[in-house]
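For reference, data.txt is printed below; it contains compact mmCIF, C-alpha atoms.
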# COMPACT_ATOMS: atom_id res chain seq x y z
CA MET T 420 0.00 0.00 0.00
CA SER T 421 1.44 3.35 -1.01
CA PRO T 422 1.63 6.28 1.44
CA GLU T 423 -0.90 8.11 -0.74
CA ASP T 424 -3.40 5.25 -0.48
CA MET T 425 -2.92 5.03 3.28
CA LEU T 426 -3.53 8.77 3.62
CA ALA T 427 -6.68 8.57 1.48
CA ASN T 428 -8.10 5.87 3.74
CA SER T 429 -6.80 7.19 7.06
CA GLY T 430 -10.27 8.22 8.26
CA ASN T 431 -11.68 4.74 7.73
CA ALA T 432 -8.56 3.18 9.24
CA ALA T 433 -8.91 5.34 12.35
CA TRP T 434 -12.59 4.43 12.70
CA MET T 435 -11.88 0.71 12.36
CA LEU T 436 -9.16 0.79 15.03
CA ILE T 437 -11.62 2.54 17.34
CA ALA T 438 -14.31 0.00 16.45
CA ALA T 439 -11.92 -2.88 17.20
CA SER T 440 -11.16 -1.36 20.60
CA LEU T 441 -14.88 -0.96 21.33
CA VAL T 442 -15.54 -4.61 20.51
CA LEU T 443 -12.62 -5.71 22.68
CA LEU T 444 -14.18 -3.76 25.57
CA MET T 445 -17.30 -5.86 25.20
CA THR T 446 -15.63 -8.92 26.71
CA PRO T 447 -14.71 -7.24 30.03
CA GLY T 448 -18.23 -5.79 29.90
CA LEU T 449 -19.59 -9.29 29.52
CA ALA T 450 -17.46 -10.36 32.48
CA PHE T 451 -19.23 -7.77 34.64
CA PHE T 452 -22.63 -8.74 33.21
CA TYR T 453 -22.14 -12.45 33.85
CA GLY T 454 -20.22 -11.89 37.08
CA GLY T 455 -23.03 -9.86 38.59
CA MET T 456 -25.56 -12.54 37.66
CA SER T 457 -23.48 -15.23 39.37
CA GLN T 458 -23.36 -16.16 43.04
CA SER T 459 -20.83 -14.31 45.20
CA LYS T 460 -18.81 -17.52 45.59
CA SER T 461 -18.38 -17.95 41.83
CA VAL T 462 -18.13 -14.39 40.47
CA LEU T 463 -14.35 -14.46 40.01
CA ASN T 464 -14.47 -17.73 38.12
CA MET T 465 -17.22 -16.38 35.89
CA MET T 466 -15.20 -13.26 35.08
CA MET T 467 -12.03 -15.31 34.60
CA MET T 468 -13.78 -17.40 31.95
CA SER T 469 -14.14 -14.24 29.86
CA PHE T 470 -10.56 -13.14 30.49
CA GLY T 471 -9.33 -16.65 29.71
CA ALA T 472 -11.16 -16.50 26.39
CA MET T 473 -9.36 -13.24 25.61
CA ALA T 474 -6.01 -14.92 26.21
CA VAL T 475 -6.57 -18.21 24.39
CA VAL T 476 -8.49 -16.92 21.39
CA SER T 477 -6.12 -14.01 20.72
CA ILE T 478 -3.15 -16.39 20.51
CA VAL T 479 -4.96 -18.94 18.37
CA TYR T 480 -6.34 -16.27 16.05
CA VAL T 481 -2.91 -14.86 15.27
CA LEU T 482 -1.50 -18.33 14.66
CA TRP T 483 -4.17 -19.88 12.45
CA GLY T 484 -7.55 -18.23 13.03
CA TRP T 485 -7.18 -15.45 10.47
CA SER T 486 -5.94 -17.91 7.90
CA MET T 487 -8.82 -20.36 8.53
CA SER T 488 -11.42 -17.59 8.38
CA TYR T 489 -10.20 -15.40 5.53
CA GLY T 490 -7.53 -17.33 3.68
CA THR T 491 -7.75 -17.67 -0.08
CA GLN T 492 -7.26 -21.45 -0.17
CA ASP T 493 -10.85 -22.54 0.40
CA ILE T 494 -11.48 -26.12 1.52
CA GLY T 495 -14.96 -27.33 0.59
CA GLY T 496 -16.52 -23.97 1.35
CA VAL T 497 -16.20 -24.78 5.07
CA PHE T 498 -12.84 -23.30 6.06
CA ALA T 499 -9.63 -21.99 4.55
CA ASN T 500 -6.13 -23.47 4.81
CA PRO T 501 -4.89 -22.73 8.36
CA PHE T 502 -1.26 -22.71 7.20
CA GLU T 503 -1.59 -20.23 4.32
CA PHE T 504 -1.27 -17.19 6.61
CA PHE T 505 -0.03 -19.00 9.73
CA GLY T 506 1.23 -16.51 12.29
CA LEU T 507 -0.08 -13.74 9.97
CA LYS T 508 2.71 -14.36 7.47
CA ASP T 509 2.05 -12.53 4.18
CA SER T 510 -0.82 -10.68 5.89
CA ILE T 511 0.85 -7.53 7.26
CA THR T 512 3.68 -6.36 4.99
CA ASP T 513 4.96 -7.36 1.56
CA ALA T 514 8.53 -8.18 0.59
CA ASP T 515 9.38 -4.48 0.35
CA GLY T 516 8.07 -3.71 3.83
CA ASN T 517 4.94 -1.93 2.61
CA TYR T 518 1.70 -2.61 4.45
CA ILE T 519 -0.58 -4.93 2.54
CA ALA T 520 -3.92 -3.39 1.61
CA GLY T 521 -7.01 -5.18 2.84
CA ALA T 522 -10.33 -5.59 1.07
CA TRP T 523 -11.54 -2.18 2.27
CA GLY T 524 -8.58 -0.09 1.14
CA TYR T 525 -6.67 0.34 4.39
CA ALA T 526 -3.97 -1.84 5.93
CA ASN T 527 -5.00 -5.49 6.16
CA VAL T 528 -3.65 -5.76 9.71
CA ILE T 529 -6.49 -3.46 10.84
CA ASP T 530 -9.00 -6.03 9.61
CA VAL T 531 -7.16 -8.68 11.61
CA ALA T 532 -7.44 -6.50 14.70
CA PHE T 533 -11.17 -6.02 14.17
CA GLN T 534 -11.98 -9.67 13.47
CA VAL T 535 -10.10 -11.17 16.41
CA THR T 536 -12.34 -9.27 18.80
CA PHE T 537 -15.41 -11.00 17.33
CA ALA T 538 -13.87 -14.42 17.92
CA ILE T 539 -13.05 -13.50 21.52
CA ILE T 540 -16.53 -12.31 22.48
CA THR T 541 -18.20 -15.31 20.82
CA VAL T 542 -16.28 -17.80 22.95
CA ALA T 543 -16.79 -15.74 26.10
CA LEU T 544 -20.56 -15.69 25.54
CA ILE T 545 -20.74 -19.47 25.85
CA SER T 546 -19.38 -19.44 29.40
CA GLY T 547 -22.60 -18.10 30.87
CA SER T 548 -24.40 -21.36 30.17
CA ILE T 549 -22.10 -23.41 32.43
CA ALA T 550 -21.46 -21.00 35.30
CA GLY T 551 -20.28 -22.23 38.69
CA ARG T 552 -19.45 -25.86 37.98
CA VAL T 553 -16.70 -26.28 35.37
CA LYS T 554 -12.95 -26.79 35.78
CA TYR T 555 -11.08 -23.78 34.51
CA GLY T 556 -8.43 -25.78 32.67
CA THR T 557 -11.07 -27.74 30.76
CA TRP T 558 -12.80 -24.49 29.83
CA LEU T 559 -9.56 -23.07 28.40
CA ALA T 560 -8.96 -26.25 26.40
CA PHE T 561 -12.53 -26.07 25.09
CA ALA T 562 -12.08 -22.40 24.13
CA GLY T 563 -9.08 -23.14 21.92
CA ILE T 564 -10.60 -26.20 20.26
CA TRP T 565 -14.09 -24.77 19.80
CA VAL T 566 -12.97 -21.51 18.23
CA THR T 567 -10.86 -23.57 15.79
CA LEU T 568 -13.51 -26.12 14.83
CA ALA T 569 -16.72 -24.06 15.13
CA TYR T 570 -16.07 -20.31 15.00
CA PHE T 571 -13.36 -20.09 12.32
CA PRO T 572 -15.22 -22.36 9.87
CA LEU T 573 -18.51 -20.50 10.38
CA ALA T 574 -16.76 -17.14 9.92
CA HIS T 575 -15.32 -18.45 6.65
CA MET T 576 -18.65 -19.85 5.53
CA VAL T 577 -20.49 -16.56 6.13
CA TRP T 578 -17.90 -13.80 5.63
CA GLY T 579 -15.04 -15.56 3.86
CA GLY T 580 -16.85 -16.66 0.71
CA GLY T 581 -17.91 -20.11 1.89
CA LEU T 582 -21.16 -22.09 1.98
CA LEU T 583 -23.28 -19.49 3.79
CA SER T 584 -22.09 -16.49 1.77
CA GLY T 585 -23.50 -14.95 -1.39
CA SER T 586 -20.77 -16.47 -3.55
CA GLU T 587 -21.55 -18.74 -6.48
CA LYS T 588 -20.57 -21.82 -4.42
CA GLY T 589 -22.81 -20.92 -1.49
CA LEU T 590 -26.07 -22.61 -0.56
CA ALA T 591 -28.11 -19.53 -1.56
CA ALA T 592 -26.75 -19.77 -5.10
CA LYS T 593 -27.69 -23.43 -5.23
CA ILE T 594 -31.25 -22.66 -4.08
CA PHE T 595 -32.12 -19.61 -6.19
CA GLY T 596 -29.41 -19.51 -8.83
CA THR T 597 -26.72 -16.97 -9.72
CA MET T 598 -26.22 -13.72 -11.57
CA VAL T 599 -23.30 -11.57 -12.71
CA ASN T 600 -22.94 -8.39 -10.64
CA ASP T 601 -21.66 -4.97 -11.75
CA ASP T 602 -18.07 -6.02 -11.03
CA GLY T 603 -18.38 -9.04 -13.33
CA ASP T 604 -18.46 -11.57 -10.48
CA THR T 605 -20.88 -14.47 -10.38
CA VAL T 606 -22.90 -14.26 -7.16
CA ALA T 607 -26.13 -15.60 -5.69
CA ASN T 608 -29.38 -14.06 -6.94
CA VAL T 609 -30.49 -13.75 -3.33
CA ALA T 610 -27.55 -13.26 -0.98
CA PRO T 611 -27.74 -14.18 2.72
CA ILE T 612 -27.62 -11.18 5.05
CA ASP T 613 -25.57 -11.36 8.25
CA PHE T 614 -24.25 -7.86 8.77
CA ALA T 615 -22.29 -8.39 11.99
CA GLY T 616 -22.74 -11.92 13.26
CA GLY T 617 -26.23 -13.32 13.86
CA THR T 618 -25.05 -16.74 12.69
CA VAL T 619 -21.32 -16.47 13.31
CA VAL T 620 -21.59 -15.03 16.82
CA HIS T 621 -24.99 -15.40 18.46
CA ILE T 622 -26.56 -18.54 17.02
CA ASN T 623 -23.09 -20.07 17.20
CA ALA T 624 -22.57 -19.24 20.88
CA GLY T 625 -26.20 -19.87 21.85
CA ILE T 626 -26.44 -23.42 20.52
CA ALA T 627 -22.97 -24.22 21.87
CA GLY T 628 -24.13 -23.06 25.30
CA LEU T 629 -27.21 -25.29 25.10
CA ILE T 630 -25.22 -28.38 24.09
CA LEU T 631 -22.66 -27.82 26.86
CA ALA T 632 -25.36 -27.26 29.48
CA ILE T 633 -27.00 -30.56 28.53
CA ILE T 634 -23.79 -32.61 28.37
CA ILE T 635 -22.14 -31.16 31.50
CA GLY T 636 -25.32 -31.28 33.53
CA LYS T 637 -27.13 -29.15 36.06
CA ARG T 638 -25.84 -27.35 39.10
CA ALA T 639 -26.48 -29.27 42.32
CA GLY T 640 -29.45 -27.15 43.36
CA PHE T 641 -31.00 -26.45 39.96
CA GLY T 642 -34.77 -26.29 40.25
CA LYS T 643 -34.60 -26.28 44.06
CA VAL T 644 -32.35 -23.32 44.89
CA ALA T 645 -33.09 -19.75 43.80
CA TYR T 646 -29.91 -18.64 42.03
CA ARG T 647 -30.28 -14.88 42.37
CA PRO T 648 -27.78 -12.39 40.92
CA HIS T 649 -25.39 -11.39 43.69
CA ASN T 650 -24.65 -7.88 42.33
CA LEU T 651 -27.23 -6.17 40.12
CA PRO T 652 -25.14 -2.97 39.73
CA PHE T 653 -22.45 -5.18 38.14
CA VAL T 654 -25.09 -6.54 35.76
CA MET T 655 -26.23 -3.06 34.75
CA LEU T 656 -22.65 -1.83 34.36
CA GLY T 657 -21.89 -4.83 32.16
CA ALA T 658 -24.96 -4.18 30.02
CA ALA T 659 -23.94 -0.53 29.62
CA LEU T 660 -20.43 -1.51 28.53
CA LEU T 661 -21.85 -4.05 26.11
CA TRP T 662 -24.15 -1.46 24.56
CA PHE T 663 -21.27 1.00 24.22
CA GLY T 664 -18.97 -1.62 22.72
CA TRP T 665 -21.70 -2.85 20.39
CA PHE T 666 -21.44 0.35 18.33
CA GLY T 667 -18.02 -0.94 17.30
CA PHE T 668 -19.55 -4.35 16.67
CA ASN T 669 -22.35 -3.15 14.39
CA ALA T 670 -21.31 0.26 13.04
CA GLY T 671 -17.77 -1.08 12.62
CA SER T 672 -19.10 -3.84 10.38
CA ALA T 673 -19.69 -1.21 7.71
CA PHE T 674 -15.85 -1.21 7.43
CA ALA T 675 -15.87 2.53 6.74
CA ALA T 676 -16.91 5.77 8.42
CA ASP T 677 -19.88 6.23 6.11
CA GLY T 678 -23.66 6.32 5.92
CA ILE T 679 -24.04 2.59 6.42
CA ALA T 680 -22.11 2.88 9.68
CA GLY T 681 -24.44 5.69 10.70
CA LEU T 682 -27.50 3.61 9.84
CA ALA T 683 -26.12 0.67 11.82
CA TRP T 684 -25.53 2.98 14.81
CA VAL T 685 -29.09 4.34 14.74
CA ASN T 686 -30.62 0.89 14.17
CA THR T 687 -28.60 -0.52 17.06
CA THR T 688 -29.95 2.13 19.41
CA ALA T 689 -33.54 1.90 18.13
CA ALA T 690 -33.70 -1.90 18.37
CA THR T 691 -32.09 -2.00 21.80
CA ALA T 692 -34.39 0.65 23.24
CA ALA T 693 -37.42 -1.19 21.87
CA ALA T 694 -36.16 -4.50 23.27
CA ILE T 695 -35.87 -3.00 26.77
CA ALA T 696 -39.50 -1.86 26.48
CA GLY T 697 -40.60 -5.27 25.19
CA TRP T 698 -38.86 -7.13 28.01
CA LEU T 699 -40.12 -4.81 30.76
CA ILE T 700 -43.70 -4.86 29.50
CA THR T 701 -43.58 -8.66 29.42
CA GLU T 702 -42.24 -8.73 32.99
CA ARG T 703 -44.86 -6.29 34.18
CA ILE T 704 -47.72 -8.30 32.70
CA ARG T 705 -46.34 -11.67 33.81
CA ASP T 706 -44.80 -10.87 37.20
CA GLY T 707 -46.18 -7.51 38.20
CA HIS T 708 -42.74 -5.85 38.28
CA ALA T 709 -40.28 -4.33 35.81
CA THR T 710 -36.81 -5.27 37.09
CA SER T 711 -33.30 -3.95 36.63
CA LEU T 712 -32.20 -7.44 35.59
CA GLY T 713 -34.94 -7.38 32.97
CA ALA T 714 -33.79 -4.00 31.64
CA ALA T 715 -30.19 -5.20 31.40
CA SER T 716 -31.24 -8.45 29.74
CA GLY T 717 -33.49 -6.54 27.34
CA ILE T 718 -30.50 -4.46 26.31
CA VAL T 719 -28.57 -7.59 25.36
CA ALA T 720 -31.56 -9.17 23.59
CA GLY T 721 -32.00 -6.09 21.42
CA LEU T 722 -28.30 -5.85 20.65
CA VAL T 723 -28.21 -9.51 19.67
CA ALA T 724 -31.26 -9.30 17.41
CA ILE T 725 -30.11 -6.23 15.48
CA THR T 726 -26.57 -7.56 14.95
CA PRO T 727 -27.27 -9.44 11.70
CA ALA T 728 -29.76 -6.81 10.51
CA ALA T 729 -28.12 -3.49 11.41
CA GLY T 730 -27.40 -2.48 7.82
CA ALA T 731 -30.52 -4.00 6.24
CA LEU T 732 -33.43 -2.40 8.13
CA THR T 733 -34.97 1.03 8.46
CA PRO T 734 -34.95 2.50 11.99
CA VAL T 735 -38.67 1.73 12.32
CA GLY T 736 -38.01 -1.83 11.18
CA ALA T 737 -35.24 -2.02 13.76
CA MET T 738 -37.68 -1.02 16.50
CA ILE T 739 -40.13 -3.71 15.41
CA LEU T 740 -37.34 -6.28 15.37
CA GLY T 741 -36.15 -5.14 18.81
CA VAL T 742 -39.47 -5.13 20.64
CA ILE T 743 -40.24 -8.64 19.39
CA ALA T 744 -36.77 -9.76 20.49
CA GLY T 745 -37.39 -8.36 23.97
CA VAL T 746 -40.68 -10.21 24.31
CA LEU T 747 -39.38 -13.49 22.87
CA SER T 748 -36.27 -13.55 25.06
CA ALA T 749 -38.19 -12.58 28.21
CA LEU T 750 -40.43 -15.58 27.60
CA ALA T 751 -37.62 -17.90 26.47
CA VAL T 752 -35.47 -17.59 29.61
CA GLY T 753 -38.05 -19.68 31.45
CA LEU T 754 -37.79 -22.61 29.05
CA LYS T 755 -34.84 -24.10 30.95
CA PHE T 756 -37.12 -24.88 33.88
CA LYS T 757 -39.72 -26.45 31.61
CA PHE T 758 -37.25 -28.62 29.71
CA GLY T 759 -34.71 -29.20 32.49
CA TYR T 760 -31.45 -27.87 31.04
CA ASP T 761 -29.36 -25.62 33.30
CA ASP T 762 -28.46 -22.65 31.11
CA SER T 763 -27.14 -20.77 34.12
CA LEU T 764 -27.13 -17.18 32.82
CA ASP T 765 -29.61 -17.47 29.94
CA VAL T 766 -27.26 -17.72 26.98
CA VAL T 767 -29.88 -19.81 25.19
CA GLY T 768 -32.84 -17.63 26.08
CA VAL T 769 -31.12 -14.42 24.99
CA HIS T 770 -28.39 -15.16 22.44
CA LEU T 771 -29.85 -18.19 20.69
CA VAL T 772 -33.44 -16.99 20.61
CA ALA T 773 -32.72 -13.34 19.76
CA GLY T 774 -29.98 -14.41 17.34
CA LEU T 775 -32.39 -16.70 15.48
CA TRP T 776 -35.09 -14.05 15.40
CA GLY T 777 -32.69 -11.34 14.23
CA THR T 778 -31.35 -13.53 11.42
CA ILE T 779 -34.74 -14.75 10.24
CA GLY T 780 -36.48 -11.42 10.87
CA ILE T 781 -34.47 -9.86 8.04
CA GLY T 782 -36.58 -11.96 5.68
CA PHE T 783 -39.64 -10.06 6.90
CA LEU T 784 -38.23 -6.62 7.68
CA GLY T 785 -35.30 -6.12 5.29
CA SER T 786 -35.83 -2.71 3.69
CA THR T 787 -35.09 -3.88 0.14
CA THR T 788 -35.81 -7.61 0.03
CA GLY T 789 -37.98 -8.24 3.10
CA LEU T 790 -41.46 -9.72 2.74
CA PHE T 791 -43.10 -6.74 4.45
CA TYR T 792 -41.25 -4.19 2.29
CA GLY T 793 -42.29 -5.37 -1.14
CA GLY T 794 -39.90 -8.29 -1.43
CA ASP T 795 -40.90 -11.91 -1.96
CA TYR T 796 -40.36 -15.09 0.02
CA LYS T 797 -36.83 -15.77 -1.25
CA GLN T 798 -34.87 -13.68 1.29
CA LEU T 799 -36.84 -15.30 4.11
CA VAL T 800 -36.03 -18.78 2.80
CA VAL T 801 -32.33 -17.95 2.53
CA GLN T 802 -32.25 -16.52 6.06
CA ILE T 803 -33.93 -19.63 7.48
CA VAL T 804 -31.49 -21.89 5.64
CA ILE T 805 -28.36 -20.13 6.96
CA ALA T 806 -29.77 -20.02 10.50
CA LEU T 807 -30.61 -23.73 10.52
CA PHE T 808 -27.29 -24.69 8.94
CA ALA T 809 -25.37 -22.74 11.57
CA LEU T 810 -27.51 -24.29 14.30
CA VAL T 811 -26.91 -27.88 13.21
CA PHE T 812 -23.24 -27.41 12.32
CA THR T 813 -22.30 -25.91 15.68
CA ALA T 814 -24.46 -28.34 17.67
CA ILE T 815 -22.62 -31.31 16.17
CA VAL T 816 -19.15 -29.78 16.51
CA THR T 817 -19.76 -28.70 20.11
CA ALA T 818 -21.10 -32.10 21.13
CA VAL T 819 -18.05 -33.85 19.68
CA ILE T 820 -15.67 -31.49 21.50
CA ALA T 821 -17.56 -31.74 24.79
CA PHE T 822 -17.46 -35.53 24.77
CA ALA T 823 -13.81 -35.58 23.66
CA LEU T 824 -12.84 -33.43 26.66
CA LYS T 825 -14.62 -35.62 29.20
CA PRO T 826 -11.38 -37.46 30.11
CA LEU T 827 -10.00 -34.11 31.35
CA GLY T 828 -13.01 -33.79 33.63
CA TRP T 829 -15.60 -31.08 33.12
CA ARG T 830 -17.05 -30.76 36.60
CA VAL T 831 -15.51 -29.63 39.86
CA SER T 832 -16.39 -31.88 42.80
CA ALA T 833 -19.75 -31.52 44.52
CA GLU T 834 -17.98 -30.23 47.62
CA GLU T 835 -16.04 -27.61 45.64
CA GLU T 836 -19.22 -26.49 43.90
CA ALA T 837 -21.03 -26.15 47.21
CA ASN T 838 -18.19 -24.29 48.92
CA GLY T 839 -17.49 -22.04 45.97
CA ILE T 840 -15.67 -22.51 42.69
CA ASP T 841 -13.66 -19.31 43.21
CA GLU T 842 -11.81 -20.80 46.15
CA ALA T 843 -11.42 -24.23 44.53
CA GLU T 844 -10.20 -23.10 41.10
CA HIS T 845 -8.46 -19.80 41.83
CA ALA T 846 -7.64 -19.83 45.56
CA GLU T 847 -9.39 -16.47 45.85
CA THR T 848 -12.68 -14.98 46.91
CA ALA T 849 -14.34 -11.84 45.58
CA TYR T 850 -15.36 -10.55 49.00
CA ASP T 851 -13.88 -10.70 52.48
CA PHE T 852 -16.76 -11.41 54.85
CA ALA T 853 -14.55 -11.72 57.95

Transcribe the structure of this file into structure tokens.
Amino acid sequence: MSPEDMLANSGNAAWMLIAASLVLLMTPGLAFFYGGMSQSKSVLNMMMMSFGAMAVVSIVYVLWGWSMSYGTQDIGGVFANPFEFFGLKDSITDADGNYIAGAWGYANVIDVAFQVTFAIITVALISGSIAGRVKYGTWLAFAGIWVTLAYFPLAHMVWGGGLLSGSEKGLAAKIFGTMVNDDGDTVANVAPIDFAGGTVVHINAGIAGLILAIIIGKRAGFGKVAYRPHNLPFVMLGAALLWFGWFGFNAGSAFAADGIAGLAWVNTTAATAAAIAGWLITERIRDGHATSLGAASGIVAGLVAITPAAGALTPVGAMILGVIAGVLSALAVGLKFKFGYDDSLDVVGVHLVAGLWGTIGIGFLGSTTGLFYGGDYKQLVVQIVIALFALVFTAIVTAVIAFALKPLGWRVSAEEEANGIDEAEHAETAYDFA
């Protein structure tokens, strides 16, 4: 990349570095959100699961994650060759020491910085489903294996030109055929829409959380003990940090400081505000109270739902999407008691349910191809296909990994769980009650 090109794109480059930093902040925000929802004897472990994900995934991403996600040597439309850009070779500078330009006209290394933060938060999200009962070492091993076998392939399939993309070899092209675009490329007639990670992040993490919760099993007192959040201010602080960081997540996925980024910012706010209202109204009707936990959870439900749709909806459409997400997630968090799976901190009820709705809702509410905006059924079909494919793919991969790690031991002992996982796994406690 010449100095002139770098100067011409310096505004976009600056915005993307800021966006990457905002998304990175989301994981400590998630640590506060999950930590506050946990018991006082397991808050440190819960927060450490997020920080552990930051450590493991960052290392793995630099080594082979970028290559598997965005390499040019596609393998079956599922993942790219992990050795092509191993250790980011041939990804930062060329033989003359000039920075290599990425797909968006600024230095490619900035794209690497942005994308690694998505991988980190996705793995961290899963941890909420298994709070308070899992060995830390096994969790770290799972983080490294799962991001390699589930996240990187799905990122390649959706964003790297694989099976769930709009490329000519994708499933959408096989269903509704192809066309030649203005650039002369053969692409799907109806391209899947996943602006910032409905499939790659939220459906991915949500179904992984469900599979782990089922395989690892329930906490000792599940269904008998009321597991109340130990620190609601932590929960609300975490939700606030997540909302702030999410502007990098969604507006940053425009990959430029332009009108699409502005639309994504407004849609993110509109959907999230509507989701809070939807959740609180549902609580008020069902329970007679609108709670702070409900407001914080509504924030996350709205953020999750608008993630895949942030660049494809009008602000009014975003509000409709958000309020439905708030209602659906508020109702869905109770399903674990009905069906008997211990999704400790409602990863399934919020991320899986809102992620599915956000991905499929584009088929109804998309401002150019949605059913309610003059489009036909085709976008809806494509959105359902990519959501179901992601669901099944990750469920199978996660189950295989979870069973493969059983020899390491998933669960702490019953005594350690009862006394507190913080003390057992980290030799620390969050609070001194002496």

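Here CA of Asn650 (chain T) and CA of His845 (chain T) stand 20.1 Å from one another.
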
Skip Leu775 (chain T) itself and residues of its chain fewer than 4 positions away, then list as number ranges by chain all residues within 7 Å of it, counting all atoms listed in the file. T: 622, 771, 779, 806

Pull C-alpha atoms from the residues just selected and write them as a PDB file, in the coordinates of the input.
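Just written: result-v7.pdb:
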ATOM      1  CA  ILE T 622     -26.560 -18.540  17.020  1.00  0.00           C
ATOM      2  CA  LEU T 771     -29.850 -18.190  20.690  1.00  0.00           C
ATOM      3  CA  ILE T 779     -34.740 -14.750  10.240  1.00  0.00           C
ATOM      4  CA  ALA T 806     -29.770 -20.020  10.500  1.00  0.00           C
TER       5      ALA T 806
END

Counting only C-alpha atoms, the residue among T:Gly642, T:Gly581, T:Pro572, T:Gly681 that lies closest to Ser486 (chain T) is T:Pro572

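CA of Thr778 (chain T) to CA of Ile635 (chain T) spans 28.3 Å [interatomic distance, one decimal].
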
Excluding same-chain residues fewer than 6 positions from region 662-677 of chain T, what lies within 8 Å of it counting only C-alpha atoms, as an MDAnalysis selection string? chainID T and resid 430:432 434:435 437:445 523 537 614:615 683:684 687 718:719 722 726 729:730

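Separating CA of Gly657 (chain T) from CA of Ala715 (chain T) is a distance of 8.3 Å.
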
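When only C-alpha atoms are used to compute distances to Thr541 (chain T), the closest of the residues T:Val566, T:Ile704, T:Ile739, T:Ile626 turns out to be T:Val566.
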